[in-house]
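One file, query-v3.cif, carrying mmCIF, C-alpha atoms:
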```cif
data_protein
loop_
_atom_site.group_PDB
_atom_site.id
_atom_site.type_symbol
_atom_site.label_atom_id
_atom_site.label_comp_id
_atom_site.auth_asym_id
_atom_site.auth_seq_id
_atom_site.Cartn_x
_atom_site.Cartn_y
_atom_site.Cartn_z
ATOM 1 C CA MET B 1345 107.121 97.234 88.719
ATOM 2 C CA GLY B 1346 104.093 96.240 90.771
ATOM 3 C CA GLN B 1347 100.548 95.751 89.683
ATOM 4 C CA LEU B 1348 97.131 96.574 91.074
ATOM 5 C CA ILE B 1349 94.965 93.650 92.143
ATOM 6 C CA LYS B 1350 91.492 94.708 91.093
ATOM 7 C CA THR B 1351 89.197 92.149 92.706
ATOM 8 C CA GLU B 1352 88.891 90.225 95.950
ATOM 9 C CA LYS B 1353 88.954 87.015 93.863
ATOM 10 C CA GLU B 1354 92.349 87.993 92.370
ATOM 11 C CA LEU B 1355 93.597 88.688 95.898
ATOM 12 C CA SER B 1356 92.420 85.301 97.159
ATOM 13 C CA GLU B 1357 94.110 83.519 94.214
ATOM 14 C CA LEU B 1358 97.455 85.230 94.815
ATOM 15 C CA ARG B 1359 98.521 82.779 97.554
ATOM 16 C CA GLU B 1360 98.216 79.816 95.147
ATOM 17 C CA LYS B 1361 99.813 81.742 92.260
ATOM 18 C CA LEU B 1362 102.852 82.555 94.421
ATOM 19 C CA LYS B 1363 103.227 79.127 96.028
ATOM 20 C CA GLY B 1364 106.634 78.694 97.648
ATOM 21 C CA GLN B 1365 107.231 82.451 97.981
ATOM 22 C CA THR B 1366 107.133 84.308 101.289
ATOM 23 C CA ILE B 1367 104.363 86.888 101.067
ATOM 24 C CA VAL B 1368 104.648 90.024 103.171
ATOM 25 C CA ALA B 1369 101.589 92.229 103.563
ATOM 26 C CA THR B 1370 101.273 95.724 104.913
ATOM 27 C CA ASN B 1371 98.685 98.443 104.604
ATOM 28 C CA GLY B 1372 98.046 102.126 104.992
ATOM 29 C CA CYS B 1373 96.724 105.332 103.477
ATOM 30 C CA PHE B 1374 99.979 106.413 101.764
ATOM 31 C CA ASP B 1375 98.327 109.738 100.962
ATOM 32 C CA ILE B 1376 101.473 111.744 100.224
ATOM 33 C CA LEU B 1377 104.399 109.387 99.793
ATOM 34 C CA HIS B 1378 107.482 110.439 101.777
ATOM 35 C CA VAL B 1379 110.833 108.982 102.793
ATOM 36 C CA GLY B 1380 109.368 107.435 105.966
ATOM 37 C CA HIS B 1381 107.002 105.387 103.792
ATOM 38 C CA VAL B 1382 109.807 104.343 101.450
ATOM 39 C CA ARG B 1383 112.076 103.210 104.303
ATOM 40 C CA TYR B 1384 109.244 101.327 105.999
ATOM 41 C CA LEU B 1385 108.158 99.588 102.783
ATOM 42 C CA LYS B 1386 111.734 98.614 101.880
ATOM 43 C CA GLU B 1387 112.139 97.059 105.324
ATOM 44 C CA ALA B 1388 108.821 95.251 104.906
ATOM 45 C CA LYS B 1389 109.949 93.829 101.557
ATOM 46 C CA SER B 1390 113.200 92.605 103.142
ATOM 47 C CA GLN B 1391 111.134 90.232 105.282
ATOM 48 C CA GLY B 1392 110.118 88.055 102.314
ATOM 49 C CA ASN B 1393 109.943 87.639 98.535
ATOM 50 C CA ILE B 1394 106.669 89.350 97.635
ATOM 51 C CA LEU B 1395 105.312 92.630 99.037
ATOM 52 C CA VAL B 1396 101.558 93.214 98.831
ATOM 53 C CA ILE B 1397 100.270 96.581 100.032
ATOM 54 C CA GLY B 1398 96.680 97.102 101.087
ATOM 55 C CA VAL B 1399 95.788 100.706 100.244
ATOM 56 C CA ASN B 1400 92.931 102.324 102.150
ATOM 57 C CA SER B 1401 90.173 103.497 99.818
ATOM 58 C CA ASP B 1402 89.251 107.172 99.643
ATOM 59 C CA SER B 1403 86.208 106.606 101.866
ATOM 60 C CA SER B 1404 88.203 104.776 104.548
ATOM 61 C CA VAL B 1405 90.941 107.468 104.523
ATOM 62 C CA LYS B 1406 88.231 110.099 105.006
ATOM 63 C CA SER B 1407 86.888 108.131 108.001
ATOM 64 C CA LEU B 1408 90.362 107.741 109.489
ATOM 65 C CA LYS B 1409 91.905 111.146 108.722
ATOM 66 C CA GLY B 1410 88.993 113.575 108.332
ATOM 67 C CA SER B 1411 87.007 115.279 105.599
ATOM 68 C CA THR B 1412 89.989 117.020 103.959
ATOM 69 C CA ARG B 1413 91.757 113.753 103.210
ATOM 70 C CA PRO B 1414 92.894 112.030 101.127
ATOM 71 C CA ILE B 1415 94.843 114.543 99.097
ATOM 72 C CA ASN B 1416 95.501 111.969 96.352
ATOM 73 C CA ASN B 1417 92.792 109.555 95.225
ATOM 74 C CA GLU B 1418 93.067 105.798 95.760
ATOM 75 C CA GLN B 1419 93.975 104.968 92.147
ATOM 76 C CA ASP B 1420 96.791 107.543 92.132
ATOM 77 C CA ARG B 1421 98.112 106.338 95.491
ATOM 78 C CA ALA B 1422 98.144 102.700 94.295
ATOM 79 C CA GLU B 1423 99.850 103.676 91.028
ATOM 80 C CA ILE B 1424 102.573 105.618 92.849
ATOM 81 C CA LEU B 1425 103.227 102.663 95.162
ATOM 82 C CA ASN B 1426 103.311 100.278 92.200
ATOM 83 C CA ALA B 1427 106.037 102.421 90.620
ATOM 84 C CA LEU B 1428 108.406 101.518 93.474
ATOM 85 C CA SER B 1429 110.701 98.699 92.345
ATOM 86 C CA PHE B 1430 110.290 96.717 95.564
ATOM 87 C CA VAL B 1431 106.461 96.704 95.520
ATOM 88 C CA ASP B 1432 104.927 93.659 93.859
ATOM 89 C CA TYR B 1433 101.175 94.220 94.247
ATOM 90 C CA THR B 1434 98.707 96.719 95.669
ATOM 91 C CA TYR B 1435 95.078 96.167 96.563
ATOM 92 C CA ILE B 1436 92.553 98.873 97.442
ATOM 93 C CA PHE B 1437 90.280 97.966 100.345
ATOM 94 C CA SER B 1438 87.319 99.911 101.671
ATOM 95 C CA GLU B 1439 87.281 98.873 105.324
ATOM 96 C CA ILE B 1440 88.792 101.024 108.095
ATOM 97 C CA GLU B 1441 91.105 98.236 109.228
ATOM 98 C CA ALA B 1442 92.884 95.644 107.094
ATOM 99 C CA SER B 1443 91.550 92.422 108.658
ATOM 100 C CA LYS B 1444 89.442 91.354 105.652
ATOM 101 C CA PHE B 1445 92.376 92.099 103.304
ATOM 102 C CA LEU B 1446 94.650 89.915 105.452
ATOM 103 C CA LEU B 1447 92.133 87.088 105.864
ATOM 104 C CA THR B 1448 91.697 86.964 102.082
ATOM 105 C CA LEU B 1449 95.409 87.172 101.186
ATOM 106 C CA LYS B 1450 96.725 85.004 104.051
ATOM 107 C CA PRO B 1451 100.274 86.411 104.023
ATOM 108 C CA ASP B 1452 103.170 84.711 105.792
ATOM 109 C CA ILE B 1453 104.220 87.992 107.425
ATOM 110 C CA TYR B 1454 102.272 91.102 108.334
ATOM 111 C CA ASP B 1455 104.448 94.190 108.578
ATOM 112 C CA LYS B 1456 103.343 97.362 110.296
ATOM 113 C CA GLY B 1457 105.178 100.583 111.022
ATOM 114 C CA GLY B 1458 107.013 100.923 114.320
ATOM 115 C CA ASP B 1459 104.505 103.516 115.520
ATOM 116 C CA TYR B 1460 102.234 100.521 116.250
ATOM 117 C CA ASP B 1461 102.599 97.761 118.802
ATOM 118 C CA LEU B 1462 100.692 94.530 119.293
ATOM 119 C CA GLU B 1463 98.174 96.171 121.639
ATOM 120 C CA LYS B 1464 97.376 98.997 119.154
ATOM 121 C CA LEU B 1465 97.108 96.626 116.190
ATOM 122 C CA PRO B 1466 93.454 96.320 115.100
ATOM 123 C CA GLU B 1467 94.326 93.368 112.840
ATOM 124 C CA LYS B 1468 95.925 91.217 115.573
ATOM 125 C CA GLU B 1469 93.059 88.690 115.714
ATOM 126 C CA ALA B 1470 93.070 88.247 111.928
ATOM 127 C CA ILE B 1471 96.844 87.714 111.989
ATOM 128 C CA LYS B 1472 96.531 85.118 114.752
ATOM 129 C CA SER B 1473 93.798 83.243 112.894
ATOM 130 C CA ILE B 1474 95.910 82.831 109.726
ATOM 131 C CA GLY B 1475 99.124 82.091 111.634
ATOM 132 C CA ALA B 1476 101.139 84.936 110.120
ATOM 133 C CA ARG B 1477 104.194 86.380 111.822
ATOM 134 C CA ILE B 1478 104.065 90.073 112.750
ATOM 135 C CA HIS B 1479 107.015 92.358 112.075
ATOM 136 C CA PHE B 1480 107.165 95.992 113.156
ATOM 137 C CA SER B 1481 109.354 98.053 110.832
ATOM 138 C CA THR B 1482 111.516 100.838 112.192
ATOM 139 C CA PHE B 1483 109.612 104.068 112.800
ATOM 140 C CA HIS B 1484 111.239 107.139 111.255
ATOM 141 C CA ASN B 1485 110.375 110.136 113.435
ATOM 142 C CA GLY B 1486 109.593 113.396 111.721
ATOM 143 C CA HIS B 1487 108.282 111.833 108.523
ATOM 144 C CA SER B 1488 104.521 111.746 108.139
ATOM 145 C CA THR B 1489 101.888 112.939 105.727
ATOM 146 C CA SER B 1490 100.338 115.028 108.507
ATOM 147 C CA SER B 1491 103.627 116.816 109.228
ATOM 148 C CA THR B 1492 104.169 117.403 105.501
ATOM 149 C CA LEU B 1493 100.707 118.966 105.239
ATOM 150 C CA MET B 1494 101.384 121.161 108.283
ATOM 151 C CA LYS B 1495 104.462 122.578 106.525
ATOM 152 C CA MET B 1496 102.361 123.448 103.491
#
```
Turn the structure described in the file into structure tokens.
Amino acid sequence: MGQLIKTEKELSELREKLKGQTIVATNGCFDILHVGHVRYLKEAKSQGNILVIGVNSDSSVKSLKGSTRPINNEQDRAEILNALSFVDYTYIFSEIEASKFLLTLKPDIYDKGGDYDLEKLPEKEAIKSIGARIHFSTFHNGHSTSSTLMKM
């Protein structure tokens, strides 16, 4: 079962603590967890030994998704992700994009959902600067928090 990294200092020390392991990082809002998230995160984990998920804070989700979001608060979203057996760590970050999270963690691989490409990736410069490999996980059409909310 995963654990929540509470401080930026803990995040920066993770690389040294996990020396010799391949660290995979990904990020997102993960507001209402659904099967698309699970499939994407399992594929991300398959790229290395350790999966670290950057979770957008409540304020950054609100900026990205609008005033009615998030549905679940940041602590709840991180706890739910940590309950997944293949998640090793989560970290809540307050920025809109994950560049600072990535520059601090310095993962070996950055995994993003297949609904992104290199041109749409706001973190591409951060990834280049740390020399991480980018992997785009398979996108699972029809599974999104927005579509789940529309059904409700």
Find the spatial neighbours of Asp1402 of chain B, counting all atoms listed in the file, within a cut-off of 12 Å - ignore same-chain residues fewer than 3 positions away - and output them as a list of chain:residue names.
->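 Here the answer would be B:Gly1372, B:Cys1373, B:Phe1374, B:Asp1375, B:Val1399, B:Val1405, B:Lys1406, B:Ser1407, B:Leu1408, B:Lys1409, B:Gly1410, B:Ser1411, B:Thr1412, B:Arg1413, B:Pro1414, B:Ile1415, B:Asn1416, B:Asn1417, B:Glu1418, B:Gln1419, B:Asp1420, B:Arg1421, B:Ala1422, B:Ile1436, B:Phe1437, B:Ser1438, B:Glu1439, B:Ile1440.
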Grab the atom CA of Ser1403 of chain B to atom CA of Gln1347 of chain B distance for me, in Å with one decimal place.
->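 That distance, rounded to one decimal, is 21.7 Å.
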Residues selected by the PyMOL selection byres ((chain B and resi 1443) around 10), written as a PyMOL selection string = chain B and resi 1439-1442+1444-1449+1466-1471
Nearest-residue call for Gly1346 of chain B, choices B:Ile1394, B:Ala1388, B:Ile1478, B:Leu1462, using only C-alpha atoms = B:Ile1394
Interatomic distance, atom CA of Gly1475 of chain B to atom CA of Asn1426 of chain B (Å, one decimal) = 26.9 Å
Atomic separation - atom CA of Gln1365 of chain B relative to atom CA of Glu1463 of chain B, Å =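 Going from atom CA of Glu1463 of chain B over to atom CA of Gln1365 of chain B covers 28.8 Å.
If you measure from each of B:Lys1350, B:Gly1398, B:Leu1355, B:Ile1367 to Asp1452 of chain B using only C-alpha atoms, the closest one turns out to be B:Ile1367.
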Determine the residue set returned by the PyMOL selection byres ((chain B and resi 1428) around 12) for the present structure, and present it as number ranges by chain.
-> B: 1345-1347, 1377, 1381-1383, 1385-1386, 1389, 1395, 1397, 1421-1427, 1429-1434
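Here the question is which of B:Thr1351, B:Asn1371, B:Thr1366, B:Ser1404 gets nearest to Ser1390 of chain B using only C-alpha atoms, and that residue is B:Thr1366.
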Expected residue set, 9 Å radius at (103.9, 96.1, 108.3), all atoms listed in the file, as a list in words =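 Output of the proximity query reads Val1368, Ala1369, Thr1370, Asn1371, Tyr1384, Leu1385, Glu1387, Ala1388, Ile1453, Tyr1454, Asp1455, Lys1456, Gly1457, Gly1458, Ile1478, His1479, Phe1480 and Ser1481 of chain B.
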Of the residues B:Glu1357, B:Thr1482, B:His1378, B:Ser1401, which is the one nearest to Tyr1460 of chain B, using all atoms listed in the file?
->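 When distances to Tyr1460 of chain B are compared using all atoms listed in the file, the smallest one comes from B:Thr1482.
Proximity ranking of B:Asn1400, B:Ile1376, B:Lys1464, B:Pro1451 relative to Tyr1435 of chain B places B:Asn1400 first, based on only C-alpha atoms.
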If you keep N, CA and C atoms, can you output segment 1398-1440 of chain B as a tab-separated table (two decimals), in the first residue's frame?
```
chain	number	residue	atom	x	y	z
B	1398	GLY	N	1.76	12.38	-8.79
B	1398	GLY	CA	1.52	13.76	-8.39
B	1398	GLY	C	0.03	14.02	-8.50
B	1399	VAL	N	-0.59	14.41	-7.40
B	1399	VAL	CA	-2.03	14.67	-7.35
B	1399	VAL	C	-2.25	16.18	-7.31
B	1400	ASN	N	-3.02	16.69	-8.27
B	1400	ASN	CA	-3.32	18.12	-8.27
B	1400	ASN	C	-4.07	18.50	-6.99
B	1401	SER	N	-3.67	19.59	-6.38
B	1401	SER	CA	-4.35	20.10	-5.19
B	1401	SER	C	-5.75	20.55	-5.55
B	1402	ASP	N	-6.57	20.77	-4.54
B	1402	ASP	CA	-7.93	21.25	-4.78
B	1402	ASP	C	-7.93	22.56	-5.56
B	1403	SER	N	-7.04	23.48	-5.21
B	1403	SER	CA	-7.02	24.78	-5.91
B	1403	SER	C	-6.60	24.63	-7.37
B	1404	SER	N	-5.66	23.74	-7.65
B	1404	SER	CA	-5.26	23.57	-9.06
B	1404	SER	C	-6.34	22.84	-9.86
B	1405	VAL	N	-7.06	21.90	-9.25
B	1405	VAL	CA	-8.17	21.23	-9.94
B	1405	VAL	C	-9.24	22.27	-10.28
B	1406	LYS	N	-9.55	23.13	-9.35
B	1406	LYS	CA	-10.54	24.19	-9.57
B	1406	LYS	C	-10.13	25.06	-10.75
B	1407	SER	N	-8.85	25.41	-10.83
B	1407	SER	CA	-8.35	26.22	-11.95
B	1407	SER	C	-8.44	25.48	-13.28
B	1408	LEU	N	-8.18	24.18	-13.25
B	1408	LEU	CA	-8.19	23.37	-14.47
B	1408	LEU	C	-9.60	22.97	-14.91
B	1409	LYS	N	-10.46	22.62	-13.95
B	1409	LYS	CA	-11.74	21.99	-14.27
B	1409	LYS	C	-12.97	22.86	-14.00
B	1410	GLY	N	-12.80	23.97	-13.29
B	1410	GLY	CA	-13.93	24.84	-13.00
B	1410	GLY	C	-14.34	24.84	-11.54
B	1411	SER	N	-15.22	25.75	-11.20
B	1411	SER	CA	-15.57	26.01	-9.80
B	1411	SER	C	-16.32	24.88	-9.10
B	1412	THR	N	-16.89	23.95	-9.85
B	1412	THR	CA	-17.62	22.84	-9.21
B	1412	THR	C	-16.74	21.64	-8.91
B	1413	ARG	N	-15.48	21.73	-9.25
B	1413	ARG	CA	-14.55	20.63	-9.03
B	1413	ARG	C	-13.46	21.07	-8.07
B	1414	PRO	N	-12.83	20.18	-7.36
B	1414	PRO	CA	-13.02	18.74	-7.40
B	1414	PRO	C	-14.24	18.30	-6.60
B	1415	ILE	N	-14.69	17.11	-6.89
B	1415	ILE	CA	-15.77	16.49	-6.12
B	1415	ILE	C	-15.20	15.97	-4.80
B	1416	ASN	N	-14.07	15.30	-4.88
B	1416	ASN	CA	-13.37	14.76	-3.70
B	1416	ASN	C	-12.16	15.63	-3.38
B	1417	ASN	N	-11.91	15.87	-2.10
B	1417	ASN	CA	-10.78	16.74	-1.74
B	1417	ASN	C	-9.44	16.03	-1.96
B	1418	GLU	N	-8.38	16.80	-1.96
B	1418	GLU	CA	-7.05	16.29	-2.29
B	1418	GLU	C	-6.58	15.16	-1.37
B	1419	GLN	N	-6.86	15.27	-0.08
B	1419	GLN	CA	-6.44	14.22	0.85
B	1419	GLN	C	-7.18	12.91	0.55
B	1420	ASP	N	-8.47	12.99	0.28
B	1420	ASP	CA	-9.25	11.80	-0.06
B	1420	ASP	C	-8.75	11.18	-1.36
B	1421	ARG	N	-8.49	12.02	-2.37
B	1421	ARG	CA	-8.02	11.50	-3.65
B	1421	ARG	C	-6.68	10.80	-3.50
B	1422	ALA	N	-5.76	11.38	-2.72
B	1422	ALA	CA	-4.45	10.75	-2.49
B	1422	ALA	C	-4.61	9.44	-1.72
B	1423	GLU	N	-5.49	9.42	-0.73
B	1423	GLU	CA	-5.70	8.20	0.05
B	1423	GLU	C	-6.27	7.07	-0.80
B	1424	ILE	N	-7.21	7.40	-1.67
B	1424	ILE	CA	-7.79	6.38	-2.56
B	1424	ILE	C	-6.72	5.82	-3.49
B	1425	LEU	N	-5.90	6.69	-4.06
B	1425	LEU	CA	-4.81	6.22	-4.93
B	1425	LEU	C	-3.83	5.35	-4.16
B	1426	ASN	N	-3.50	5.76	-2.94
B	1426	ASN	CA	-2.57	4.98	-2.12
B	1426	ASN	C	-3.09	3.61	-1.77
B	1427	ALA	N	-4.40	3.41	-1.82
B	1427	ALA	CA	-4.99	2.11	-1.52
B	1427	ALA	C	-4.79	1.10	-2.65
B	1428	LEU	N	-4.43	1.59	-3.84
B	1428	LEU	CA	-4.18	0.69	-4.97
B	1428	LEU	C	-2.83	-0.01	-4.76
B	1429	SER	N	-2.82	-1.31	-4.91
B	1429	SER	CA	-1.62	-2.10	-4.59
B	1429	SER	C	-0.40	-1.73	-5.44
B	1430	PHE	N	-0.60	-1.19	-6.61
B	1430	PHE	CA	0.52	-0.87	-7.49
B	1430	PHE	C	1.02	0.56	-7.36
B	1431	VAL	N	0.43	1.35	-6.48
B	1431	VAL	CA	0.86	2.73	-6.23
B	1431	VAL	C	1.80	2.73	-5.03
B	1432	ASP	N	2.97	3.33	-5.21
B	1432	ASP	CA	3.95	3.36	-4.13
B	1432	ASP	C	3.90	4.66	-3.32
B	1433	TYR	N	3.76	5.79	-4.00
B	1433	TYR	CA	3.73	7.08	-3.31
B	1433	TYR	C	2.81	8.04	-4.06
B	1434	THR	N	2.22	8.96	-3.30
B	1434	THR	CA	1.51	10.09	-3.90
B	1434	THR	C	2.06	11.37	-3.28
B	1435	TYR	N	1.95	12.44	-4.03
B	1435	TYR	CA	2.40	13.75	-3.58
B	1435	TYR	C	1.41	14.78	-4.10
B	1436	ILE	N	0.91	15.63	-3.24
B	1436	ILE	CA	-0.04	16.66	-3.64
B	1436	ILE	C	0.73	17.92	-4.01
B	1437	PHE	N	0.49	18.42	-5.23
B	1437	PHE	CA	1.17	19.64	-5.66
B	1437	PHE	C	0.15	20.70	-6.03
B	1438	SER	N	0.52	21.95	-5.84
B	1438	SER	CA	-0.46	23.04	-6.00
B	1438	SER	C	-0.40	23.75	-7.34
B	1439	GLU	N	0.61	23.48	-8.13
B	1439	GLU	CA	0.73	24.13	-9.44
B	1439	GLU	C	-0.26	23.54	-10.44
B	1440	ILE	N	-0.53	24.27	-11.51
B	1440	ILE	CA	-1.43	23.79	-12.57
B	1440	ILE	C	-0.78	22.63	-13.33
```
